[in-house]
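Undergrad: My structure is stored as query_35.cif, with mmCIF, C-alpha atoms.
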data_upload
#
loop_
_atom_site.label_atom_id
_atom_site.label_comp_id
_atom_site.auth_asym_id
_atom_site.auth_seq_id
_atom_site.Cartn_x
_atom_site.Cartn_y
_atom_site.Cartn_z
CA MET U 1 56.54 104.68 91.43
CA ASN U 2 53.88 104.61 94.11
CA GLY U 3 50.62 103.26 92.70
CA GLY U 4 51.83 103.98 89.17
CA SER U 5 50.66 101.91 86.28
CA ALA U 6 54.13 100.60 85.45
CA ALA U 7 54.68 97.08 86.77
CA GLU U 8 57.29 96.90 89.48
CA VAL U 9 59.71 94.25 90.57
CA THR U 10 61.53 93.87 93.84
CA VAL U 11 65.28 93.41 94.00
CA THR U 12 67.65 93.24 96.96
CA VAL U 13 70.30 95.97 96.96
CA ASN U 14 73.03 95.72 99.59
CA GLY U 15 70.74 93.57 101.69
CA GLU U 16 67.72 95.91 101.45
CA ALA U 17 64.57 95.34 99.40
CA ARG U 18 64.15 97.95 96.64
CA ARG U 19 61.47 98.39 94.02
CA ALA U 20 62.37 98.98 90.42
CA GLU U 21 60.36 99.36 87.23
CA ALA U 22 59.91 96.04 85.46
CA GLY U 23 62.16 95.93 82.42
CA SER U 24 64.44 98.54 83.95
CA THR U 25 68.20 98.02 83.89
CA LEU U 26 71.00 97.90 86.42
CA LEU U 27 72.19 101.23 85.00
CA ARG U 28 68.80 102.84 85.78
CA LEU U 29 68.95 101.45 89.30
CA VAL U 30 72.50 102.76 89.83
CA GLU U 31 71.45 106.19 88.54
CA ALA U 32 68.29 106.24 90.66
CA LEU U 33 70.42 105.57 93.75
CA GLY U 34 72.62 108.54 92.87
CA PHE U 35 75.72 106.43 92.19
CA ALA U 36 76.35 107.52 88.60
CA GLY U 37 79.83 108.97 88.40
CA ARG U 38 80.84 107.59 91.79
CA PRO U 39 83.52 104.93 92.18
CA ILE U 40 81.44 101.78 92.49
CA ALA U 41 81.42 98.17 91.34
CA VAL U 42 78.26 96.17 90.87
CA GLU U 43 77.60 92.48 91.39
CA ILE U 44 74.32 90.80 90.49
CA ASP U 45 73.61 87.28 91.74
CA GLY U 46 77.29 86.73 92.37
CA GLU U 47 78.48 88.01 88.99
CA VAL U 48 80.37 91.28 88.50
CA VAL U 49 78.91 93.51 85.78
CA PRO U 50 81.44 95.96 84.29
CA ARG U 51 80.19 99.54 84.28
CA PRO U 52 79.91 99.81 80.47
CA ARG U 53 77.49 96.87 80.53
CA LEU U 54 75.19 97.99 83.33
CA GLY U 55 72.68 99.22 80.73
CA GLU U 56 72.44 95.79 79.13
CA ARG U 57 71.38 94.01 82.28
CA VAL U 58 67.58 93.99 82.62
CA LEU U 59 66.05 93.44 86.05
CA GLY U 60 63.54 90.62 86.15
CA GLY U 61 62.88 90.72 89.88
CA GLY U 62 64.37 88.78 92.77
CA GLU U 63 67.99 89.58 91.94
CA ARG U 64 70.50 90.09 94.71
CA ILE U 65 72.58 93.14 93.89
CA GLU U 66 75.67 94.41 95.66
CA ILE U 67 77.01 97.91 95.01
CA VAL U 68 80.42 98.43 96.60
CA THR U 69 83.16 101.00 96.81
CA PHE U 70 86.57 101.34 98.44
CA VAL U 71 86.84 102.24 102.12
CA GLY U 72 89.79 102.47 104.49
CA GLY U 73 91.29 99.10 105.35
CA GLY U 74 94.52 97.26 106.10
CA MET N 1 134.82 96.56 102.87
CA HIS N 2 132.22 97.49 100.26
CA HIS N 3 132.53 101.19 99.46
CA LEU N 4 129.31 103.07 99.03
CA GLU N 5 131.01 106.40 98.25
CA GLY N 6 128.45 108.35 100.14
CA ARG N 7 125.55 106.80 98.29
CA VAL N 8 124.36 105.17 101.48
CA TRP N 9 122.92 108.55 102.37
CA ASP N 10 120.83 108.39 99.23
CA VAL N 11 119.04 105.46 100.79
CA ILE N 12 118.16 107.51 103.82
CA ASP N 13 117.11 110.32 101.52
CA HIS N 14 114.75 107.78 100.06
CA ASP N 15 116.40 106.65 96.91
CA PRO N 16 116.52 102.91 97.48
CA GLN N 17 118.50 102.36 94.29
CA GLY N 18 121.31 104.23 96.01
CA GLY N 19 123.56 102.25 98.33
CA GLY N 20 123.56 99.32 95.96
CA ASP N 21 119.97 98.28 96.77
CA LEU N 22 117.39 97.38 94.18
CA PRO N 23 113.78 98.49 94.43
CA LEU N 24 111.03 96.10 95.51
CA VAL N 25 109.24 94.61 92.53
CA VAL N 26 105.95 92.81 93.11
CA GLY N 27 103.97 91.33 90.25
CA GLY N 28 105.75 93.53 87.71
CA ILE N 29 105.18 96.79 89.60
CA THR N 30 108.18 98.59 91.07
CA LEU N 31 107.71 100.13 94.51
CA LYS N 32 110.16 102.74 95.75
CA SER N 33 109.21 102.27 99.36
CA ARG N 34 109.31 98.92 101.11
CA LEU N 35 106.43 99.90 103.37
CA ILE N 36 102.87 99.12 102.36
CA VAL N 37 100.45 101.08 104.51
CA GLY N 38 96.79 100.46 105.28
CA THR N 39 94.17 103.18 105.11
CA GLY N 40 91.86 101.99 107.90
CA LYS N 41 91.10 103.31 111.39
CA TYR N 42 92.11 106.95 110.86
CA ALA N 43 90.03 109.63 112.56
CA THR N 44 89.66 111.56 109.30
CA TYR N 45 90.65 111.15 105.67
CA ALA N 46 92.87 114.22 106.03
CA ASP N 47 94.77 112.49 108.88
CA MET N 48 95.12 109.42 106.71
CA ALA N 49 96.51 111.42 103.79
CA ARG N 50 99.09 113.13 106.02
CA CYS N 51 100.21 109.78 107.48
CA LEU N 52 100.54 108.13 104.09
CA ALA N 53 102.75 111.00 102.94
CA ALA N 54 104.87 110.86 106.12
CA SER N 55 105.35 107.10 105.79
CA GLY N 56 106.94 107.50 102.36
CA THR N 57 104.87 104.60 101.05
CA ASP N 58 103.81 104.32 97.45
CA CYS N 59 101.41 101.42 97.92
CA VAL N 60 98.30 101.48 100.10
CA THR N 61 95.68 98.88 100.94
CA VAL N 62 91.94 99.54 100.75
CA ALA N 63 88.90 97.46 101.66
CA VAL N 64 85.80 96.77 99.53
CA ARG N 65 82.48 97.50 101.26
CA ARG N 66 78.85 98.19 100.45
CA GLU N 67 78.20 101.73 99.31
CA ARG N 68 75.75 103.47 101.60
CA LEU N 69 72.31 103.67 100.06
CA VAL N 70 71.49 106.83 101.99
CA ASN N 71 73.75 109.85 102.32
CA ALA N 72 76.00 108.40 99.66
CA ALA N 73 76.88 111.92 98.54
CA GLY N 74 79.52 112.02 101.28
CA GLU N 75 83.23 111.90 100.63
CA ASN N 76 84.84 108.83 99.17
CA ILE N 77 88.27 107.66 100.30
CA LEU N 78 89.47 108.01 96.71
CA ASP N 79 88.97 111.77 97.01
CA HIS N 80 91.88 111.65 99.48
CA ILE N 81 94.28 109.21 97.83
CA ASP N 82 96.34 110.49 94.90
CA THR N 83 96.23 107.42 92.69
CA SER N 84 99.03 108.76 90.50
CA ARG N 85 101.25 108.57 93.59
CA TYR N 86 99.98 105.44 95.36
CA VAL N 87 99.43 101.97 93.95
CA LEU N 88 96.10 100.70 95.30
CA LEU N 89 96.05 97.20 96.77
CA PRO N 90 92.47 96.08 97.49
CA ASN N 91 92.09 93.52 100.26
CA THR N 92 89.57 90.78 100.96
CA ALA N 93 89.45 91.59 104.67
CA GLY N 94 86.50 90.15 106.54
CA CYS N 95 86.11 87.12 104.26
CA TYR N 96 85.84 83.73 105.95
CA SER N 97 85.57 81.57 102.82
CA ALA N 98 87.40 81.26 99.51
CA ASP N 99 84.12 81.98 97.68
CA ASP N 100 83.57 85.30 99.46
CA ALA N 101 87.20 86.32 99.07
CA ILE N 102 87.00 85.67 95.33
CA ARG N 103 83.79 87.72 95.01
CA VAL N 104 85.40 90.62 96.87
CA ALA N 105 88.60 90.34 94.82
CA ARG N 106 86.59 90.53 91.59
CA LEU N 107 84.67 93.59 92.81
CA GLY N 108 87.93 95.27 93.79
CA ARG N 109 89.35 94.50 90.36
CA GLU N 110 86.28 96.03 88.73
CA LEU N 111 86.67 99.19 90.82
CA LEU N 112 90.31 99.46 89.79
CA ARG N 113 89.61 98.74 86.13
CA ASP N 114 86.92 101.41 86.10
CA MET N 115 89.52 103.88 87.43
CA GLY N 116 92.06 102.82 84.79
CA SER N 117 94.44 101.67 87.54
CA SER N 118 97.81 100.14 86.71
CA SER N 119 97.38 97.59 89.51
CA SER N 120 93.91 96.39 88.57
CA GLU N 121 94.82 92.71 88.93
CA TRP N 122 96.31 93.17 92.38
CA VAL N 123 94.68 91.71 95.46
CA LYS N 124 95.75 91.32 99.04
CA LEU N 125 94.11 87.99 99.76
CA GLU N 126 92.84 87.32 103.26
CA VAL N 127 90.75 84.27 104.03
CA LEU N 128 90.20 84.35 107.76
CA GLY N 129 89.52 81.38 109.97
CA ASP N 130 88.60 82.91 113.28
CA ARG N 131 87.06 86.21 114.40
CA ARG N 132 88.98 86.50 117.62
CA THR N 133 92.48 85.97 116.30
CA LEU N 134 91.87 86.93 112.65
CA LEU N 135 94.30 84.14 111.85
CA PRO N 136 94.16 82.91 108.26
CA ASP N 137 92.24 79.79 107.30
CA PRO N 138 95.06 77.89 105.57
CA VAL N 139 92.77 75.61 103.57
CA GLY N 140 90.59 78.48 102.32
CA THR N 141 93.67 80.59 101.63
CA ILE N 142 95.21 77.86 99.48
CA GLU N 143 91.95 77.29 97.58
CA ALA N 144 91.41 81.02 96.95
CA THR N 145 95.03 81.57 95.88
CA GLU N 146 94.77 78.81 93.30
CA ARG N 147 91.48 80.12 91.89
CA LEU N 148 92.52 83.78 91.84
CA VAL N 149 95.84 83.01 90.12
CA ALA N 150 93.90 81.01 87.51
CA ASP N 151 91.64 84.06 87.05
CA GLY N 152 94.65 86.27 86.28
CA PHE N 153 95.05 88.02 89.62
CA THR N 154 98.37 89.13 91.08
CA VAL N 155 97.92 87.60 94.51
CA LEU N 156 99.69 89.01 97.56
CA VAL N 157 98.61 86.54 100.18
CA TYR N 158 98.29 87.04 103.92
CA THR N 159 99.24 83.85 105.73
CA SER N 160 100.54 82.63 109.06
CA ASP N 161 104.25 82.16 109.70
CA ASP N 162 103.97 78.46 108.83
CA PRO N 163 106.81 77.74 106.39
CA VAL N 164 105.08 74.75 104.78
CA ILE N 165 101.93 76.73 103.91
CA ALA N 166 104.09 79.67 102.77
CA LYS N 167 105.95 77.41 100.35
CA ARG N 168 102.72 75.92 99.06
CA LEU N 169 101.27 79.38 98.38
CA LYS N 170 104.33 80.34 96.37
CA GLU N 171 104.09 77.10 94.36
CA LEU N 172 100.47 77.97 93.57
CA GLY N 173 101.63 81.19 91.95
CA ALA N 174 101.24 83.88 94.62
CA ALA N 175 103.13 87.03 93.55
CA SER N 176 104.11 87.62 97.18
CA VAL N 177 103.69 85.55 100.30
CA MET N 178 102.99 87.75 103.31
CA PRO N 179 103.45 85.95 106.63
CA ALA N 180 102.10 87.63 109.74
CA GLY N 181 104.48 88.80 112.45
CA SER N 182 101.67 88.41 115.01
CA PRO N 183 97.85 88.71 114.88
CA ILE N 184 96.34 91.58 112.86
CA GLY N 185 96.06 94.77 114.89
CA SER N 186 97.65 93.17 117.96
CA GLY N 187 100.80 95.31 117.97
CA GLN N 188 102.82 92.39 119.29
CA GLY N 189 105.55 92.67 116.68
CA VAL N 190 107.46 89.67 115.38
CA LEU N 191 106.57 86.80 117.73
CA ASN N 192 108.34 83.96 115.98
CA PRO N 193 111.43 85.17 114.15
CA ASN N 194 112.63 81.61 113.70
CA ASN N 195 109.56 80.66 111.66
CA LEU N 196 109.87 83.83 109.59
CA ARG N 197 113.53 82.99 108.96
CA ILE N 198 112.55 79.56 107.69
CA CYS N 199 109.76 81.10 105.56
CA LEU N 200 112.31 83.49 104.04
CA GLU N 201 114.80 80.72 103.43
CA TYR N 202 112.23 78.44 101.76
CA LEU N 203 110.61 81.18 99.68
CA LYS N 204 113.90 82.63 98.46
CA ASP N 205 115.66 79.32 97.85
CA GLY N 206 117.06 79.64 94.31
CA ASP N 207 114.86 82.72 93.86
CA PRO N 208 116.39 85.50 95.98
CA ASP N 209 114.24 88.24 94.45
CA TYR N 210 110.94 86.56 95.37
CA PRO N 211 109.16 89.23 97.45
CA VAL N 212 108.29 88.29 101.02
CA ILE N 213 106.39 90.95 102.95
CA ILE N 214 105.72 90.77 106.67
CA ASP N 215 102.05 91.59 107.05
CA ALA N 216 100.36 92.33 110.35
CA GLY N 217 101.32 92.57 113.98
CA VAL N 218 103.61 95.60 113.88
CA GLY N 219 103.25 97.75 117.01
CA THR N 220 106.10 100.20 116.75
CA ALA N 221 109.11 101.16 114.66
CA SER N 222 111.51 98.56 116.05
CA ASP N 223 109.12 95.80 114.91
CA VAL N 224 109.52 97.01 111.33
CA ALA N 225 113.29 97.12 111.71
CA VAL N 226 113.31 93.56 113.11
CA ALA N 227 111.22 92.26 110.20
CA MET N 228 113.49 93.95 107.67
CA GLU N 229 116.64 92.76 109.42
CA LEU N 230 115.37 89.20 109.16
CA GLY N 231 115.54 89.68 105.40
CA ALA N 232 111.96 90.56 104.53
CA ASP N 233 111.49 92.59 101.36
CA GLY N 234 108.84 94.81 102.88
CA VAL N 235 106.39 95.33 105.72
CA LEU N 236 102.65 95.95 105.56
CA LEU N 237 101.09 97.76 108.50
CA ASN N 238 98.08 99.88 109.42
CA THR N 239 97.05 100.06 113.07
CA ALA N 240 100.52 100.83 114.42
CA ILE N 241 100.33 104.18 112.63
CA ALA N 242 96.60 104.87 112.85
CA HIS N 243 96.37 104.14 116.57
CA ALA N 244 99.61 105.80 117.68
CA ALA N 245 99.12 108.83 119.89
CA ASP N 246 100.70 110.92 117.13
CA PRO N 247 100.05 108.97 113.93
CA GLU N 248 101.93 111.28 111.57
CA ARG N 249 105.09 111.14 113.69
CA MET N 250 104.77 107.36 113.95
CA ALA N 251 104.40 107.16 110.16
CA ALA N 252 107.75 108.95 109.83
CA ALA N 253 109.26 106.56 112.43
CA MET N 254 108.05 103.57 110.39
CA ARG N 255 109.67 104.99 107.29
CA ALA N 256 112.98 105.47 109.08
CA ALA N 257 112.80 102.01 110.68
CA CYS N 258 112.09 100.33 107.37
CA LEU N 259 115.12 101.98 105.81
CA ALA N 260 117.25 101.25 108.87
CA GLY N 261 116.25 97.59 108.89
CA ARG N 262 116.86 97.25 105.18
CA LEU N 263 120.29 98.85 105.41
CA ALA N 264 121.19 96.59 108.34
CA ALA N 265 120.05 93.51 106.44
CA LEU N 266 122.18 94.51 103.44
CA ALA N 267 125.10 95.41 105.70
CA GLY N 268 125.08 92.00 107.39
CA ARG N 269 125.09 91.99 111.16
CA MET N 270 127.98 90.77 113.28
CA PRO N 271 127.67 87.32 114.81
CA ARG N 272 126.13 87.06 118.27
CA ARG N 273 128.63 86.04 120.94
CA LEU N 274 127.99 84.81 124.42
CA TYR N 275 130.97 86.64 125.92
CA ALA N 276 132.25 90.16 125.63
CA THR N 277 134.97 91.32 123.25
CA ALA N 278 136.60 94.64 124.11
CA SER N 279 136.41 97.39 121.54
CA SER N 280 139.53 99.13 122.88
CA PRO N 281 142.92 97.40 122.51
CA ASP N 282 144.53 95.65 125.48
CA GLU N 283 147.93 96.61 124.07
CA GLY N 284 149.34 99.79 125.58
CA SER N 285 146.91 99.87 128.47
CA ILE N 286 148.52 101.35 131.63
CA ALA N 287 146.06 99.51 133.85
CA ARG N 288 147.25 96.48 135.73
CA PRO N 289 145.77 93.40 134.06
CA ARG N 290 142.85 91.82 135.88
CA PRO N 291 143.93 88.34 136.88
#
Would you give me this structure, written as structure tokens?
TA:
Amino acid sequence: MNGGSAAEVTVTVNGEARRAEAGSTLLRLVEALGFAGRPIAVEIDGEVVPRPRLGERVLGGGERIEIVTFVGGG
Amino acid sequence: MHHLEGRVWDVIDHDPQGGGDLPLVVGGITLKSRLIVGTGKYATYADMARCLAASGTDCVTVAVRRERLVNAAGENILDHIDTSRYVLLPNTAGCYSADDAIRVARLGRELLRDMGSSSSEWVKLEVLGDRRTLLPDPVGTIEATERLVADGFTVLVYTSDDPVIAKRLKELGAASVMPAGSPIGSGQGVLNPNNLRICLEYLKDGDPDYPVIIDAGVGTASDVAVAMELGADGVLLNTAIAHAADPERMAAAMRAACLAGRLAALAGRMPRRLYATASSPDEGSIARPRP
């Protein structure tokens, strides 16, 4: 992505700024982070997106995304 | 006397339907064990797995947290929990508002749905009011319970031992009200048995099967037995096992204590008396009577 011709947008993933290709989807982002096939749930701007619909959600820039999993807890 | 015809031993051999007991049913799911065990604070996932097995539980709590963006290839807790054996109960631990608790509950539900879990609507609701005590925020807890029930969740709600709040949570549709014995992770046991007794009486009034689970504060096995003897339907604990010197042995102790407490509750204890009553007969004693 560095200096490429494709336009980029910035999104916030788990509190960190991340660049993504403009017009890319949540599914692409999840795959790029290496989370495909892992037990995760995704929230974008406060709304949960079921896994089968990650590919429908296009990133416009500025979204706040949370990608969570289960950890030990009481 | 009620004759158990030896079936009482089935209870100890972990068949709660033996001995005339019925299994614990929460939100339509039947649990064989009356212990719900947390998965936090273990040194390793392997330790956790051994302790869960030793506790005899078939329902475990998990927390929902951000996936690590780097080194995410590491192990996931789900690699160490046999989900065909354990019902997963996601919590909303660490949430200090109804809004956050609802977000976390929905993410937990999505994780469970994606796994095809049978308990995908289950949530252990915690809305905390204070970092130091981890006591529940009653107002936020009531608000979140109402909204989660409306959203179709099966809400098992962590609350204080306040009987009025407990009753309100049940009226709002909580599948189980879970009063704390003492603060989370404090190991102080059951601090106010009188309040818990009133909670149990209110929650089970005309509805004896309504599940009441004592959540939090257990320090050792006798605390579990006390909670069960009070008439609780189950106990939820984590730190008392994870932070014992020998966690696996303590997990087995918790299992035994839960069964012991349950049996004692079903058996019905003798009344407390201020003065002694001799167990051996006075009649036929060769001793000279004490004046």
Undergrad: Around the point (101.9, 90.5, 117.9) (coordinates from the file), which residues reach within 8 Å if we count all atoms listed in the file? Answer as a ChimeraX atom specification.
TA: /N:181-191,216-219
Undergrad: Any chance you could export the current selection's C-alpha atoms as a PDB file, in the frame of the given file?
TA:
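Full text of selection.pdb as output:
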ATOM      1  CA  GLY N 181     104.480  88.800 112.450  1.00  0.00           C
ATOM      2  CA  SER N 182     101.670  88.410 115.010  1.00  0.00           C
ATOM      3  CA  PRO N 183      97.850  88.710 114.880  1.00  0.00           C
ATOM      4  CA  ILE N 184      96.340  91.580 112.860  1.00  0.00           C
ATOM      5  CA  GLY N 185      96.060  94.770 114.890  1.00  0.00           C
ATOM      6  CA  SER N 186      97.650  93.170 117.960  1.00  0.00           C
ATOM      7  CA  GLY N 187     100.800  95.310 117.970  1.00  0.00           C
ATOM      8  CA  GLN N 188     102.820  92.390 119.290  1.00  0.00           C
ATOM      9  CA  GLY N 189     105.550  92.670 116.680  1.00  0.00           C
ATOM     10  CA  VAL N 190     107.460  89.670 115.380  1.00  0.00           C
ATOM     11  CA  LEU N 191     106.570  86.800 117.730  1.00  0.00           C
ATOM     12  CA  ALA N 216     100.360  92.330 110.350  1.00  0.00           C
ATOM     13  CA  GLY N 217     101.320  92.570 113.980  1.00  0.00           C
ATOM     14  CA  VAL N 218     103.610  95.600 113.880  1.00  0.00           C
ATOM     15  CA  GLY N 219     103.250  97.750 117.010  1.00  0.00           C
TER      16      GLY N 219
END
Undergrad: Report as a list in words all protein, DNA and RNA residues lying within 9 Å of Ala260 in chain N, evaluated on all atoms listed in the file, omitting residues in the same chain fewer than 5 positions from it.
TA: Ile12, Ala225, Met228, Glu229, Arg255 and Ala265 of chain N
Undergrad: Kindly determine which residues of chain N lie within 8 Å of chain U, considering all atoms listed in the file, and give the answer as a PyMOL selection string.
TA: chain N and resi 37-41+61-67+69+72-73+76-78+90-91+93+103+106-108+110-111+114-115+237-239
Undergrad: Please measure the separation of CA of Trp122 in chain N and CA of Val155 in chain N, giving the value in Å to one decimal.
TA: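 Value for the CA of Trp122 in chain N-CA of Val155 in chain N distance: 6.2 Å.
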Undergrad: Select, counting all atoms listed in the file, all protein, DNA and RNA residues no farther than 12 Å from (115.0, 83.0, 104.8) in file coordinates, and express the selection as number ranges by chain.
TA: N: 161, 163, 166-167, 193-213, 227-233, 265
Undergrad: Report as number ranges by chain all protein, DNA and RNA residues lying within 8 Å of range 169-171 of chain N, evaluated on all atoms listed in the file, omitting residues in the same chain fewer than 3 positions from it.
TA: N: 142, 145, 157, 165-166, 174-177, 203
Undergrad: Selection from above, C-alpha atoms, as a PDB file, keeping the file's coordinate frame, can you write it?
TA:
ATOM      1  CA  ILE N 142      95.210  77.860  99.480  1.00  0.00           C
ATOM      2  CA  THR N 145      95.030  81.570  95.880  1.00  0.00           C
ATOM      3  CA  VAL N 157      98.610  86.540 100.180  1.00  0.00           C
ATOM      4  CA  ILE N 165     101.930  76.730 103.910  1.00  0.00           C
ATOM      5  CA  ALA N 166     104.090  79.670 102.770  1.00  0.00           C
ATOM      6  CA  ALA N 174     101.240  83.880  94.620  1.00  0.00           C
ATOM      7  CA  ALA N 175     103.130  87.030  93.550  1.00  0.00           C
ATOM      8  CA  SER N 176     104.110  87.620  97.180  1.00  0.00           C
ATOM      9  CA  VAL N 177     103.690  85.550 100.300  1.00  0.00           C
ATOM     10  CA  LEU N 203     110.610  81.180  99.680  1.00  0.00           C
TER      11      LEU N 203
END
Undergrad: Near Ser117 in chain N, within 9 Å and counting all atoms listed in the file, which residues show up once chain neighbours fewer than 5 positions away are dropped, as JSON, numbers by chain?
TA: {"N": [83, 84, 87, 88, 111, 112]}
Undergrad: Using all atoms listed in the file, determine which residues lie at most 9 Å from range 54-62 of chain U, disregarding the query and same-chain residues fewer than 3 positions distant; provide the list as a PyMOL selection string.
TA: chain U and resi 8-12+19-28+30+42+49-51
Undergrad: Could you tell me which residues the PyMOL selection byres ((chain N and resi 56) around 12) returns for this structure, as a ChimeraX atom specification?
TA: /N:12-16,31-37,49-55,57-60,85-86,248,250-259
Undergrad: Record the distance separating CA of Asp21 in chain N and CA of Thr159 in chain N, expressed in Å with one decimal.
TA: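 Rounded to one decimal, the two atoms are 26.8 Å apart.
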Undergrad: Just to confirm, what's the straight-line distance from CA of Gly74 in chain N to CA of Ala36 in chain U in Å (one decimal)?
TA: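 Rounded to one decimal, the two atoms are 13.8 Å apart.
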Undergrad: Once the PyMOL selection byres ((chain N and resi 134) around 10) has been evaluated on this model, what residues remain selected, and can you format them as a ChimeraX atom specification?
TA: /N:93-94,96,126-133,135-137,183-185
Undergrad: Could you please fill out range 257-280 of chain N with N, CA and C atoms and send it back as a compact mmCIF listing (two decimals), keeping the file's coordinate frame?
TA:
# COMPACT_ATOMS: atom_id res chain seq x y z
N ALA N 257 112.49 103.37 110.21
CA ALA N 257 112.80 102.01 110.68
C ALA N 257 112.91 101.03 109.52
N CYS N 258 112.06 101.22 108.54
CA CYS N 258 112.09 100.33 107.37
C CYS N 258 113.42 100.49 106.64
N LEU N 259 113.84 101.72 106.46
CA LEU N 259 115.12 101.98 105.81
C LEU N 259 116.28 101.47 106.67
N ALA N 260 116.19 101.70 107.97
CA ALA N 260 117.25 101.25 108.87
C ALA N 260 117.37 99.73 108.82
N GLY N 261 116.25 99.05 108.90
CA GLY N 261 116.25 97.59 108.89
C GLY N 261 116.78 97.04 107.57
N ARG N 262 116.40 97.69 106.49
CA ARG N 262 116.86 97.25 105.18
C ARG N 262 118.37 97.43 105.05
N LEU N 263 118.84 98.60 105.47
CA LEU N 263 120.29 98.85 105.41
C LEU N 263 121.04 97.83 106.26
N ALA N 264 120.52 97.55 107.45
CA ALA N 264 121.19 96.59 108.34
C ALA N 264 121.21 95.20 107.71
N ALA N 265 120.10 94.83 107.07
CA ALA N 265 120.05 93.51 106.44
C ALA N 265 121.09 93.43 105.33
N LEU N 266 121.21 94.50 104.53
CA LEU N 266 122.18 94.51 103.44
C LEU N 266 123.60 94.55 104.00
N ALA N 267 123.77 95.27 105.11
CA ALA N 267 125.10 95.41 105.70
C ALA N 267 125.59 94.09 106.28
N GLY N 268 124.68 93.28 106.79
CA GLY N 268 125.08 92.00 107.39
C GLY N 268 125.54 92.20 108.82
N ARG N 269 124.76 91.74 109.75
CA ARG N 269 125.09 91.99 111.16
C ARG N 269 126.25 91.12 111.61
N MET N 270 126.91 91.57 112.66
CA MET N 270 127.98 90.77 113.28
C MET N 270 127.37 89.54 113.95
N PRO N 271 128.21 88.50 114.11
CA PRO N 271 127.67 87.32 114.81
C PRO N 271 127.40 87.61 116.28
N ARG N 272 126.38 86.94 116.84
CA ARG N 272 126.13 87.06 118.27
C ARG N 272 127.17 86.24 119.02
N ARG N 273 127.66 86.78 120.13
CA ARG N 273 128.63 86.04 120.94
C ARG N 273 128.13 86.03 122.37
N LEU N 274 128.43 84.93 123.03
CA LEU N 274 127.99 84.81 124.42
C LEU N 274 128.79 85.73 125.33
N TYR N 275 130.10 85.85 125.03
CA TYR N 275 130.97 86.64 125.92
C TYR N 275 131.38 87.94 125.26
N ALA N 276 131.88 88.83 126.10
CA ALA N 276 132.25 90.16 125.63
C ALA N 276 133.54 90.13 124.82
N THR N 277 133.68 91.07 123.89
CA THR N 277 134.97 91.32 123.25
C THR N 277 135.21 92.83 123.32
N ALA N 278 136.34 93.22 123.90
CA ALA N 278 136.60 94.64 124.11
C ALA N 278 136.76 95.36 122.78
N SER N 279 136.26 96.58 122.75
CA SER N 279 136.41 97.39 121.54
C SER N 279 137.73 98.16 121.56
N SER N 280 138.26 98.41 122.76
CA SER N 280 139.53 99.13 122.88
C SER N 280 140.65 98.11 123.05
